[in-house]
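The structure file target-v5.txt is reproduced below (compact mmCIF, C-alpha atoms).
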```txt
# COMPACT_ATOMS: atom_id res chain seq x y z
CA MET Y 1391 0.00 0.00 0.00
CA SER Y 1392 2.78 2.41 0.92
CA THR Y 1393 4.50 1.66 -2.39
CA LEU Y 1394 1.33 2.43 -4.31
CA ALA Y 1395 0.92 5.66 -2.36
CA HIS Y 1396 4.25 6.84 -3.77
CA VAL Y 1397 3.01 5.97 -7.27
CA PHE Y 1398 -0.37 7.67 -6.92
CA GLU Y 1399 1.05 10.78 -5.25
CA ALA Y 1400 3.61 11.10 -8.06
CA ALA Y 1401 0.68 10.98 -10.49
CA GLY Y 1402 -0.92 13.98 -8.78
CA ILE Y 1403 -3.31 12.43 -6.22
CA ALA Y 1404 -2.94 13.33 -2.55
CA THR Y 1405 -2.71 10.02 -0.69
CA VAL Y 1406 -3.37 8.82 2.84
CA VAL Y 1407 -2.45 5.25 3.84
CA LEU Y 1408 -4.10 3.32 6.65
CA ALA Y 1409 -0.91 1.43 7.48
CA ALA Y 1410 -1.28 -2.11 8.85
CA THR Y 1411 2.38 -2.53 9.82
CA ARG Y 1412 4.11 0.49 11.27
CA SER Y 1413 7.67 -0.57 10.48
CA VAL Y 1414 6.82 -0.99 6.79
CA ALA Y 1415 5.36 2.53 6.64
CA GLU Y 1416 8.48 3.85 8.42
CA ARG Y 1417 10.78 2.27 5.88
CA ILE Y 1418 8.78 3.11 2.73
CA HIS Y 1419 7.78 6.55 4.07
CA PRO Y 1420 4.65 7.24 1.96
CA PRO Y 1421 3.49 10.89 2.00
CA ARG Y 1422 0.85 10.44 4.72
CA ALA Y 1423 0.13 7.36 6.81
CA LEU Y 1424 -2.03 6.62 9.82
CA TYR Y 1425 -0.90 3.45 11.59
CA VAL Y 1426 -4.03 1.52 12.51
CA PRO Y 1427 -3.22 -1.05 15.25
CA PHE Y 1428 -6.25 -3.17 14.48
CA PRO Y 1429 -6.68 -6.83 13.55
CA LEU Y 1430 -5.26 -7.45 10.10
CA GLY Y 1431 -8.14 -7.54 7.65
CA ARG Y 1432 -9.98 -4.70 9.42
CA PRO Y 1433 -8.23 -1.43 8.49
CA LEU Y 1434 -11.29 0.61 9.53
CA GLY Y 1435 -11.25 -1.18 12.88
CA LYS Y 1436 -14.77 -2.27 13.69
CA PRO Y 1437 -17.29 -3.88 11.33
CA GLY Y 1438 -20.78 -2.51 11.74
CA ASP Y 1439 -19.59 0.54 13.71
CA ALA Y 1440 -20.03 3.55 11.44
CA ALA Y 1441 -19.04 6.05 14.16
CA PHE Y 1442 -15.72 4.31 14.75
CA GLN Y 1443 -15.05 4.05 11.02
CA HIS Y 1444 -15.79 7.77 10.64
CA ASP Y 1445 -13.30 8.55 13.39
CA VAL Y 1446 -10.60 6.56 11.59
CA LEU Y 1447 -11.34 8.41 8.35
CA ALA Y 1448 -11.40 11.79 10.10
CA ARG Y 1449 -7.97 11.18 11.63
CA ALA Y 1450 -6.66 9.95 8.28
CA PHE Y 1451 -8.00 12.94 6.35
CA ALA Y 1452 -6.61 15.30 9.00
CA LEU Y 1453 -3.14 14.30 7.79
CA LEU Y 1454 -3.92 16.20 4.58
CA GLU Y 1455 -3.41 19.36 6.65
CA ALA Y 1456 0.26 18.50 7.30
CA PRO Y 1457 2.66 20.97 5.67
CA SER Y 1458 5.23 18.48 4.38
CA ALA Y 1459 5.98 14.79 3.85
CA PRO Y 1460 6.35 12.20 5.13
CA VAL Y 1461 3.76 12.10 7.92
CA LEU Y 1462 3.20 9.01 10.09
CA GLU Y 1463 0.82 9.12 13.03
CA ASP Y 1464 -0.77 6.44 15.20
CA TYR Y 1465 -4.46 5.84 15.71
CA PRO Y 1466 -4.82 6.25 19.50
CA GLU Y 1467 -6.80 3.07 20.23
CA GLU Y 1468 -5.41 -0.41 19.76
CA ILE Y 1469 -7.69 -3.35 19.01
CA VAL Y 1470 -6.17 -6.80 19.59
CA ALA Y 1471 -7.46 -9.98 17.99
CA GLU Y 1472 -7.45 -12.27 21.03
CA GLU Y 1473 -8.21 -15.34 18.93
CA VAL Y 1474 -10.88 -16.59 21.29
CA ALA Y 1475 -13.16 -18.91 19.31
CA LEU Y 1476 -16.62 -17.49 18.80
CA THR Y 1477 -19.55 -19.30 20.33
CA CYS Y 1478 -21.40 -20.97 17.52
CA SER Y 1479 -23.46 -24.14 17.53
CA LEU Y 1480 -22.51 -26.96 15.19
CA PRO Y 1481 -24.87 -29.46 13.57
CA PRO Y 1482 -25.34 -32.80 15.35
CA ARG Y 1483 -23.83 -35.91 13.81
CA PHE Y 1484 -26.32 -37.14 11.20
CA ASP Y 1485 -24.78 -39.87 9.05
CA PRO Y 1486 -22.21 -41.94 11.00
CA ASP Y 1487 -21.04 -43.57 7.77
CA LEU Y 1488 -19.57 -40.28 6.59
CA ALA Y 1489 -16.36 -38.68 7.77
CA ALA Y 1490 -17.24 -36.26 10.57
CA ALA Y 1491 -16.16 -33.20 8.58
CA VAL Y 1492 -18.24 -34.24 5.57
CA ASP Y 1493 -21.31 -34.72 7.74
CA GLU Y 1494 -20.70 -31.42 9.50
CA ALA Y 1495 -20.28 -29.41 6.28
CA SER Y 1496 -23.53 -30.78 4.90
CA GLY Y 1497 -25.28 -29.78 8.11
CA LEU Y 1498 -24.10 -26.19 7.77
CA ARG Y 1499 -25.45 -25.75 4.27
CA LYS Y 1500 -28.70 -24.06 5.27
CA ALA Y 1501 -26.81 -21.47 7.32
CA TYR Y 1502 -24.48 -20.82 4.39
CA ASP Y 1503 -27.47 -20.41 2.07
CA ARG Y 1504 -29.02 -17.89 4.47
CA ALA Y 1505 -25.75 -15.94 4.48
CA LEU Y 1506 -25.70 -15.92 0.69
CA ALA Y 1507 -29.34 -14.82 0.51
CA ARG Y 1508 -28.79 -12.02 2.99
CA ARG Y 1509 -25.52 -10.70 1.57
CA GLY Y 1510 -26.20 -11.49 -2.08
CA VAL Y 1511 -22.61 -12.50 -2.56
CA SER Y 1512 -20.12 -15.06 -1.26
CA SER Y 1513 -16.32 -15.29 -1.32
CA VAL Y 1514 -16.60 -19.07 -1.80
CA GLY Y 1515 -15.84 -20.13 -5.36
CA ARG Y 1516 -12.14 -19.69 -5.96
CA ALA Y 1517 -11.66 -23.38 -6.72
CA ILE Y 1518 -14.86 -25.07 -5.60
CA SER Y 1519 -18.50 -24.19 -5.06
CA ALA Y 1520 -20.46 -24.62 -1.85
CA ASP Y 1521 -21.87 -27.82 -3.36
CA ASP Y 1522 -18.38 -29.30 -3.47
CA VAL Y 1523 -17.30 -28.46 0.08
CA PRO Y 1524 -18.38 -31.76 1.74
CA LYS Y 1525 -16.88 -33.89 -1.04
CA VAL Y 1526 -13.54 -32.05 -0.96
CA LEU Y 1527 -13.42 -32.33 2.82
CA GLY Y 1528 -13.75 -36.07 2.22
CA VAL Y 1529 -10.67 -35.91 -0.01
CA LEU Y 1530 -8.72 -34.03 2.68
CA ASP Y 1531 -9.86 -36.58 5.25
CA ASP Y 1532 -8.52 -39.35 3.00
CA ILE Y 1533 -5.17 -37.53 2.78
CA ALA Y 1534 -5.10 -37.13 6.55
CA ASN Y 1535 -5.66 -40.87 6.81
CA GLY Y 1536 -2.86 -41.89 4.49
CA LEU Y 1537 -3.89 -41.24 0.87
CA ASN Y 1538 -0.93 -39.86 -1.08
CA TRP Y 1539 -1.82 -36.25 -1.81
CA LYS Y 1540 -0.46 -36.60 -5.36
CA GLU Y 1541 -3.14 -39.20 -6.09
CA ALA Y 1542 -5.94 -37.25 -4.41
CA ASP Y 1543 -8.64 -35.50 -6.42
CA ILE Y 1544 -7.83 -31.93 -5.33
CA PRO Y 1545 -9.77 -29.52 -7.57
CA GLY Y 1546 -7.36 -27.42 -9.61
CA ARG Y 1547 -4.47 -29.10 -7.72
CA ASN Y 1548 -4.57 -25.98 -5.60
CA THR Y 1549 -4.70 -26.68 -1.89
CA THR Y 1550 -4.60 -22.98 -0.98
CA ALA Y 1551 -7.68 -22.16 -3.05
CA VAL Y 1552 -9.57 -25.22 -1.83
CA CYS Y 1553 -8.86 -24.42 1.80
CA HIS Y 1554 -9.82 -20.77 1.26
CA ASP Y 1555 -13.21 -21.91 -0.04
CA ILE Y 1556 -13.81 -24.40 2.78
CA ARG Y 1557 -12.87 -21.92 5.50
CA THR Y 1558 -14.92 -19.14 3.89
CA TYR Y 1559 -17.96 -21.45 3.58
CA TYR Y 1560 -17.71 -22.16 7.31
CA GLU Y 1561 -17.07 -18.56 8.37
CA GLU Y 1562 -19.92 -17.17 6.29
CA ALA Y 1563 -22.25 -19.84 7.70
CA ALA Y 1564 -21.06 -19.18 11.25
CA LEU Y 1565 -21.96 -15.50 11.02
CA GLU Y 1566 -25.57 -16.62 10.51
CA LEU Y 1567 -25.46 -18.82 13.60
CA VAL Y 1568 -24.06 -16.40 16.17
CA ASP Y 1569 -26.19 -14.07 18.25
CA ALA Y 1570 -27.10 -11.30 15.82
CA SER Y 1571 -27.97 -8.92 18.64
CA ALA Y 1572 -24.45 -9.12 20.09
CA ALA Y 1573 -21.50 -7.04 18.94
CA ALA Y 1574 -19.72 -8.24 15.81
CA PRO Y 1575 -17.27 -11.08 16.50
CA ASP Y 1576 -13.69 -10.03 17.25
CA GLY Y 1577 -10.99 -10.28 14.64
CA ARG Y 1578 -9.87 -13.88 14.10
CA ALA Y 1579 -12.63 -15.21 16.38
CA ALA Y 1580 -14.23 -16.96 13.40
CA GLU Y 1581 -10.81 -18.25 12.36
CA ALA Y 1582 -10.18 -19.65 15.86
CA TRP Y 1583 -13.61 -21.29 15.82
CA PHE Y 1584 -12.92 -22.91 12.45
CA TYR Y 1585 -9.52 -24.40 13.35
CA GLU Y 1586 -10.20 -25.21 17.00
CA ARG Y 1587 -13.84 -26.20 17.12
CA THR Y 1588 -14.91 -27.65 13.80
CA GLU Y 1589 -14.21 -31.06 12.32
CA ALA Y 1590 -13.43 -29.34 9.02
CA GLY Y 1591 -10.74 -27.19 10.61
CA LYS Y 1592 -9.19 -30.22 12.28
CA THR Y 1593 -9.31 -32.08 8.95
CA VAL Y 1594 -7.57 -29.22 7.11
CA LEU Y 1595 -4.85 -29.12 9.77
CA ALA Y 1596 -4.39 -32.89 9.62
CA ALA Y 1597 -4.26 -32.94 5.81
CA ARG Y 1598 -1.74 -30.09 5.88
CA GLN Y 1599 0.49 -32.06 8.25
CA ALA Y 1600 0.11 -35.19 6.09
CA ILE Y 1601 1.11 -33.38 2.89
CA LYS Y 1602 4.13 -31.95 4.69
CA ASP Y 1603 5.06 -35.39 6.04
CA GLN Y 1604 4.68 -36.90 2.56
CA GLY Y 1605 7.32 -34.48 1.31
CA GLY Y 1606 4.93 -32.14 -0.48
CA PRO Y 1607 6.44 -28.82 -1.54
CA HIS Y 1608 6.20 -25.96 0.94
CA PRO Y 1609 3.61 -23.90 -1.02
CA ALA Y 1610 1.34 -26.95 -1.33
CA TRP Y 1611 0.80 -27.26 2.42
CA PHE Y 1612 1.98 -24.06 4.13
CA TYR Y 1613 -0.74 -21.76 2.82
CA MET Y 1614 -3.57 -24.16 3.66
CA THR Y 1615 -3.91 -22.38 7.03
CA PRO Y 1616 -2.63 -19.18 8.67
CA GLY Y 1617 1.09 -19.47 9.32
CA HIS Y 1618 0.83 -19.57 13.11
CA ARG Y 1619 -1.41 -22.62 13.00
CA MET M 499 2.18 -16.60 18.83
CA ASN M 500 -0.82 -14.46 17.98
CA GLY M 501 -1.35 -14.39 14.20
CA ASP M 502 -1.35 -10.60 13.85
CA VAL M 503 1.78 -10.29 15.98
CA MET M 504 3.47 -12.93 13.83
CA MET M 505 2.59 -11.10 10.61
CA ARG M 506 3.70 -7.72 11.94
CA VAL M 507 7.01 -9.19 13.17
CA HIS M 508 7.41 -10.71 9.73
CA GLY M 509 6.75 -7.26 8.23
CA ASP M 510 9.49 -5.75 10.37
CA SER M 511 12.13 -7.66 8.42
CA ALA M 512 10.38 -8.09 5.07
CA PRO M 513 12.20 -6.55 2.13
CA VAL M 514 10.68 -3.26 1.01
CA PRO M 515 11.35 -1.16 -2.07
CA GLN M 516 13.61 1.82 -1.62
CA PHE M 517 12.40 5.32 -2.36
CA ASP M 518 14.94 8.13 -2.21
CA GLU M 519 12.28 10.80 -1.90
CA THR M 520 8.66 11.13 -0.93
CA PRO M 521 6.46 12.82 -3.53
CA TRP M 522 4.12 15.51 -2.34
CA VAL M 523 0.90 16.98 -3.67
CA THR M 524 -0.47 20.06 -1.93
CA PRO M 525 -4.04 18.94 -1.31
CA LYS M 526 -7.11 20.95 -2.25
CA PRO M 527 -9.52 21.62 0.60
CA LEU M 528 -11.15 18.29 1.49
CA ALA M 529 -14.62 19.75 0.99
CA GLU M 530 -13.70 20.39 -2.64
CA SER M 531 -11.93 17.07 -3.21
CA THR M 532 -13.10 13.99 -5.06
CA VAL M 533 -12.07 10.99 -2.98
CA ALA M 534 -11.31 7.44 -4.13
CA ILE M 535 -10.43 4.24 -2.27
CA VAL M 536 -7.40 2.18 -3.24
CA THR M 537 -7.38 -1.19 -1.52
CA SER M 538 -4.95 -4.11 -1.48
CA ALA M 539 -7.63 -6.59 -0.41
CA ALA M 540 -7.98 -7.87 -3.98
CA LEU M 541 -11.69 -7.07 -3.88
CA HIS M 542 -13.48 -7.76 -7.13
CA ARG M 543 -17.04 -8.00 -8.32
CA SER M 544 -18.35 -11.54 -8.10
CA SER M 545 -18.98 -11.55 -11.84
CA ASP M 546 -15.49 -10.31 -12.72
CA GLU M 547 -12.32 -12.28 -13.14
CA GLY M 548 -10.69 -13.08 -9.80
CA PHE M 549 -7.09 -12.43 -8.83
CA GLN M 550 -4.40 -15.03 -9.44
CA PRO M 551 -1.55 -15.65 -6.97
CA GLY M 552 1.05 -12.94 -7.56
CA ASP M 553 -1.40 -10.96 -9.70
CA THR M 554 0.13 -7.55 -10.46
CA GLU M 555 -2.95 -6.12 -12.18
CA TYR M 556 -5.83 -4.19 -10.66
CA ARG M 557 -9.59 -4.04 -10.94
CA LEU M 558 -11.57 -0.81 -11.02
CA LEU M 559 -14.66 -0.93 -8.81
CA ARG M 560 -17.62 1.31 -9.59
CA SER M 561 -18.94 3.30 -6.67
CA ASP M 562 -22.35 1.63 -6.83
CA ALA M 563 -20.95 -1.93 -6.74
CA ARG M 564 -21.62 -3.82 -3.53
CA ASP M 565 -21.30 -7.37 -4.88
CA LEU M 566 -17.64 -7.45 -3.92
CA VAL M 567 -15.79 -10.57 -2.88
CA LEU M 568 -12.39 -11.09 -1.33
CA GLY M 569 -9.78 -12.25 -3.83
CA HIS M 570 -6.69 -12.01 -1.62
CA TRP M 571 -4.64 -15.22 -1.43
CA SER M 572 -3.15 -14.86 2.03
CA PRO M 573 -4.80 -16.91 4.81
CA ASN M 574 -3.13 -14.65 7.38
CA PHE M 575 -5.78 -12.07 8.16
CA ASP M 576 -9.31 -11.91 9.50
CA ARG M 577 -11.94 -12.36 6.78
CA SER M 578 -15.01 -12.25 9.00
CA GLY M 579 -14.92 -8.45 9.31
CA VAL M 580 -15.43 -7.81 5.63
CA ALA M 581 -18.08 -10.54 5.50
CA ILE M 582 -20.00 -8.65 8.20
CA ASP M 583 -19.44 -5.16 6.83
CA LEU M 584 -17.72 -4.31 3.55
CA ASN M 585 -16.90 -0.87 4.95
CA VAL M 586 -14.32 -2.26 7.37
CA VAL M 587 -12.07 -2.68 4.33
CA PHE M 588 -13.80 -0.62 1.64
CA PRO M 589 -15.45 2.37 3.38
CA ILE M 590 -17.67 3.29 0.47
CA ASP M 591 -20.81 3.99 2.53
CA ARG M 592 -18.78 6.18 4.91
CA LEU M 593 -17.49 8.22 1.95
CA GLU M 594 -21.04 8.61 0.62
CA GLU M 595 -22.08 9.92 4.05
CA LEU M 596 -19.14 12.36 4.13
CA ALA M 597 -20.09 13.61 0.67
CA ALA M 598 -23.72 14.07 1.73
CA GLN M 599 -22.52 16.08 4.75
CA GLY M 600 -20.22 18.18 2.58
CA THR M 601 -17.09 17.02 4.44
CA ILE M 602 -15.63 15.77 1.17
CA GLY M 603 -16.48 17.19 -2.23
CA ALA M 604 -17.54 13.97 -3.93
CA VAL M 605 -17.03 10.22 -4.02
CA ALA M 606 -15.01 9.13 -7.04
CA PRO M 607 -16.94 7.17 -9.68
CA ARG M 608 -14.39 4.36 -9.57
CA HIS M 609 -11.95 2.89 -7.05
CA ALA M 610 -8.88 0.71 -7.49
CA SER M 611 -8.28 -2.77 -6.10
CA PHE M 612 -4.92 -4.51 -6.06
CA ALA M 613 -3.72 -7.76 -4.48
CA GLY M 614 -1.51 -7.05 -1.50
CA ASN M 615 0.58 -10.19 -1.84
CA GLN M 616 2.89 -8.90 -4.57
CA PRO M 617 6.25 -10.21 -5.78
CA ASP M 618 8.95 -8.85 -3.47
CA ASP M 619 10.39 -6.37 -5.97
CA VAL M 620 6.93 -4.80 -6.59
CA ALA M 621 8.43 -3.61 -9.90
CA THR M 622 5.26 -4.06 -11.95
CA ILE M 623 2.89 -2.16 -9.69
CA ARG M 624 5.55 0.51 -9.20
CA LEU M 625 6.37 1.04 -12.88
CA ASP M 626 3.42 -0.29 -14.87
CA SER M 627 0.06 -1.27 -13.36
CA GLY M 628 0.26 1.26 -10.51
CA PRO M 629 0.83 4.28 -12.78
CA ARG M 630 -1.90 3.01 -15.16
CA ALA M 631 -4.41 2.74 -12.32
CA ALA M 632 -3.42 6.17 -11.01
CA ALA M 633 -3.87 7.69 -14.47
CA GLU M 634 -7.37 6.23 -14.69
CA LEU M 635 -8.32 7.81 -11.36
CA VAL M 636 -6.74 11.13 -12.37
CA ALA M 637 -8.87 11.01 -15.53
CA ASP M 638 -11.90 10.55 -13.27
CA GLY M 639 -10.98 13.78 -11.47
CA VAL M 640 -9.77 12.14 -8.25
CA ASP M 641 -7.96 14.51 -5.88
CA VAL M 642 -7.49 12.34 -2.77
CA ALA M 643 -7.11 8.58 -2.30
CA ILE M 644 -7.41 6.64 0.95
CA PHE M 645 -5.41 3.38 0.94
CA THR M 646 -6.80 0.37 2.80
CA PRO M 647 -4.68 -2.76 3.28
CA VAL M 648 -5.56 -6.14 4.75
```

Representation of the structure as structure tokens:
Amino acid sequence: MSTLAHVFEAAGIATVVLAATRSVAERIHPPRALYVPFPLGRPLGKPGDAAFQHDVLARAFALLEAPSAPVLEDYPEEIVAEEVALTCSLPPRFDPDLAAAVDEASGLRKAYDRALARRGVSSVGRAISADDVPKVLGVLDDIANGLNWKEADIPGRNTTAVCHDIRTYYEEAALELVDASAAAPDGRAAEAWFYERTEAGKTVLAARQAIKDQGGPHPAWFYMTPGHR
Amino acid sequence: MNGDVMMRVHGDSAPVPQFDETPWVTPKPLAESTVAIVTSAALHRSSDEGFQPGDTEYRLLRSDARDLVLGHWSPNFDRSGVAIDLNVVFPIDRLEELAAQGTIGAVAPRHASFAGNQPDDVATIRLDSGPRAAAELVADGVDVAIFTPV
């Protein structure tokens, strides 16, 4: 972002960066930057909180008053993603003949469909559709249980894209299942729920470990989950 | 280690491009400025072509588009925020409110979306796709751009 700010300012546009990493803004020194110590993925800080977002924008636009470059200021309030799993019910086991993650994903379909109907759009679909999520979880379960990943039917041969779609399917469904009257879930709370509470998350982690143990190349397994998991 | 802490520590030592100088535009009064958003969240319309890993191109997003999906390839940031409220990454409704109040002059007709996970040398966005995107926004009469990363 700070690199692009140099480019856009040189083209004649006054730029203000909401910087996610302070040290990067320090080293690239874009014309104007407001360091926002918020969960990554939330540069305006709080979803569903228009007043907070307006405060971030007001402090960012105030940097346009500075007399010279570069300017780097800090937003005064820090928001930390504590990574506490959100509270979200999961479907009961329905078909004991299926792998637990496959059964679970099928049970979440109605919640996912409600999310899609409400939002009108979904970020699932990079490699697989919602229809394919249970089946592909079955493939990952097979890998976790010994199937050589090279012989597995991984759509597009792209584990990163497949895992993006599975996780997004779960997270979008989960947002329909949490208490809508409560404040929006914290940053990474949905992520923590997926990897720590769901069968699908456990299956992705186990398949990732299996691909690594089978000697799969680093990009094939590393980006299946966030790096710290 | 907390995921955000890990990524910010990683950023502390990540290679960054060198700039000898910082360019500077003397801004017009904000109330007379047309404001655009430039994001690195790889947002794109659901009907448009998605971003590929290492994609150095950009998509222009019309101001009235709300059917935006996340095309970023990194698993290392929260995605639930933008699923709850697009404005937490792409504050288009906030800009519309500021324009209605007269705080900003106008919302730009189009906004620019890049993928944040670029090749380390960032040569293409610096020398090619970045200047092209900027020229398109200049042609739209954009005076100010707010940059939103993920």

Quiz item: Quick one: of M:Gly614, M:Pro647, M:Pro607, M:Pro629, who's nearest to Val533 of chain M, counting all atoms listed in the file?
Solution: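 Smallest separation from Val533 of chain M among the options: M:Pro607.
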
Self-check item: For Pro515 of chain M: contacts at 10 Å, all atoms listed in the file, fewer than 5 positions along chain excluded, given as JSON, numbers by chain
Solution: {"Y": [1392, 1393, 1414, 1417, 1418], "M": [618, 619, 620, 621, 624]}

If you keep C-alpha atoms, can you produce a file of those selected residues as an mmCIF file, in the coordinates of the input?
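Result file part_0.cif:
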```cif
data_model
loop_
_atom_site.group_PDB
_atom_site.id
_atom_site.type_symbol
_atom_site.label_atom_id
_atom_site.label_comp_id
_atom_site.auth_asym_id
_atom_site.auth_seq_id
_atom_site.Cartn_x
_atom_site.Cartn_y
_atom_site.Cartn_z
ATOM 1 C CA SER Y 1392 2.780 2.410 0.920
ATOM 2 C CA THR Y 1393 4.500 1.660 -2.390
ATOM 3 C CA VAL Y 1414 6.820 -0.990 6.790
ATOM 4 C CA ARG Y 1417 10.780 2.270 5.880
ATOM 5 C CA ILE Y 1418 8.780 3.110 2.730
ATOM 6 C CA ASP M 618 8.950 -8.850 -3.470
ATOM 7 C CA ASP M 619 10.390 -6.370 -5.970
ATOM 8 C CA VAL M 620 6.930 -4.800 -6.590
ATOM 9 C CA ALA M 621 8.430 -3.610 -9.900
ATOM 10 C CA ARG M 624 5.550 0.510 -9.200
#
```

Sorted by chain and rising residue number, which residues of chain M lie within 6 Å of chain Y, and what are their closest atom pairs and distances in Å to one decimal, counting only C-alpha atoms, as CSV?
```
residue,atom,partner,partner_atom,distance
M:Gly501,CA,Y:His1618,CA,5.7
M:Arg506,CA,Y:Thr1411,CA,5.8
M:Asp510,CA,Y:Ser1413,CA,5.5
M:Thr520,CA,Y:Pro1421,CA,5.9
M:Pro521,CA,Y:Ala1400,CA,5.6
M:Val523,CA,Y:Ala1404,CA,5.4
M:Pro525,CA,Y:Ala1404,CA,5.8
M:Asp565,CA,Y:Val1511,CA,5.8
M:Val567,CA,Y:Ser1513,CA,5.0
M:Leu568,CA,Y:Ser1513,CA,5.8
M:Pro573,CA,Y:Pro1616,CA,5.0
M:Asn574,CA,Y:Pro1616,CA,4.7
M:Phe575,CA,Y:Leu1430,CA,5.0
M:Asp576,CA,Y:Gly1431,CA,4.9
M:Gly579,CA,Y:Pro1437,CA,5.5
M:Asp583,CA,Y:Pro1437,CA,5.1
M:Val586,CA,Y:Leu1434,CA,4.7
M:Val587,CA,Y:Pro1433,CA,5.8
M:Ala632,CA,Y:Phe1398,CA,5.3
M:Asp641,CA,Y:Ile1403,CA,5.1
M:Val642,CA,Y:Ala1404,CA,4.7
M:Ala643,CA,Y:Thr1405,CA,4.9
M:Ile644,CA,Y:Val1406,CA,5.0
M:Phe645,CA,Y:Val1407,CA,4.5
M:Thr646,CA,Y:Leu1408,CA,5.6
M:Val648,CA,Y:Gly1431,CA,4.1
```

Exercise. Using only C-alpha atoms, pick whichever of M:Ala539, M:Ala529, M:Ile582, M:Gly628 has the shortest atom-to-atom distance to Ala598 of chain M.
Key: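 Looking at the shortest contact to Ala598 of chain M, the residue is M:Ala529.
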
Practice problem: For atom CA of Glu594 of chain M and atom CA of Asp638 of chain M, quote the distance in Å rounded to one decimal. | Solution: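 Separation between atom CA of Glu594 of chain M and atom CA of Asp638 of chain M: 16.7 Å.
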
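Across the model, the gap from atom CA of Ile1556 of chain Y to atom CA of Asp562 of chain M is 29.0 Å.
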
Practice problem: Write out as an MDAnalysis selection string each polymer residue whose atoms come within 9 Å of Ser561 of chain M, counting all atoms listed in the file; drop sequence neighbours fewer than 4 positions from it. | Solution: chainID M and resid 590 605:609
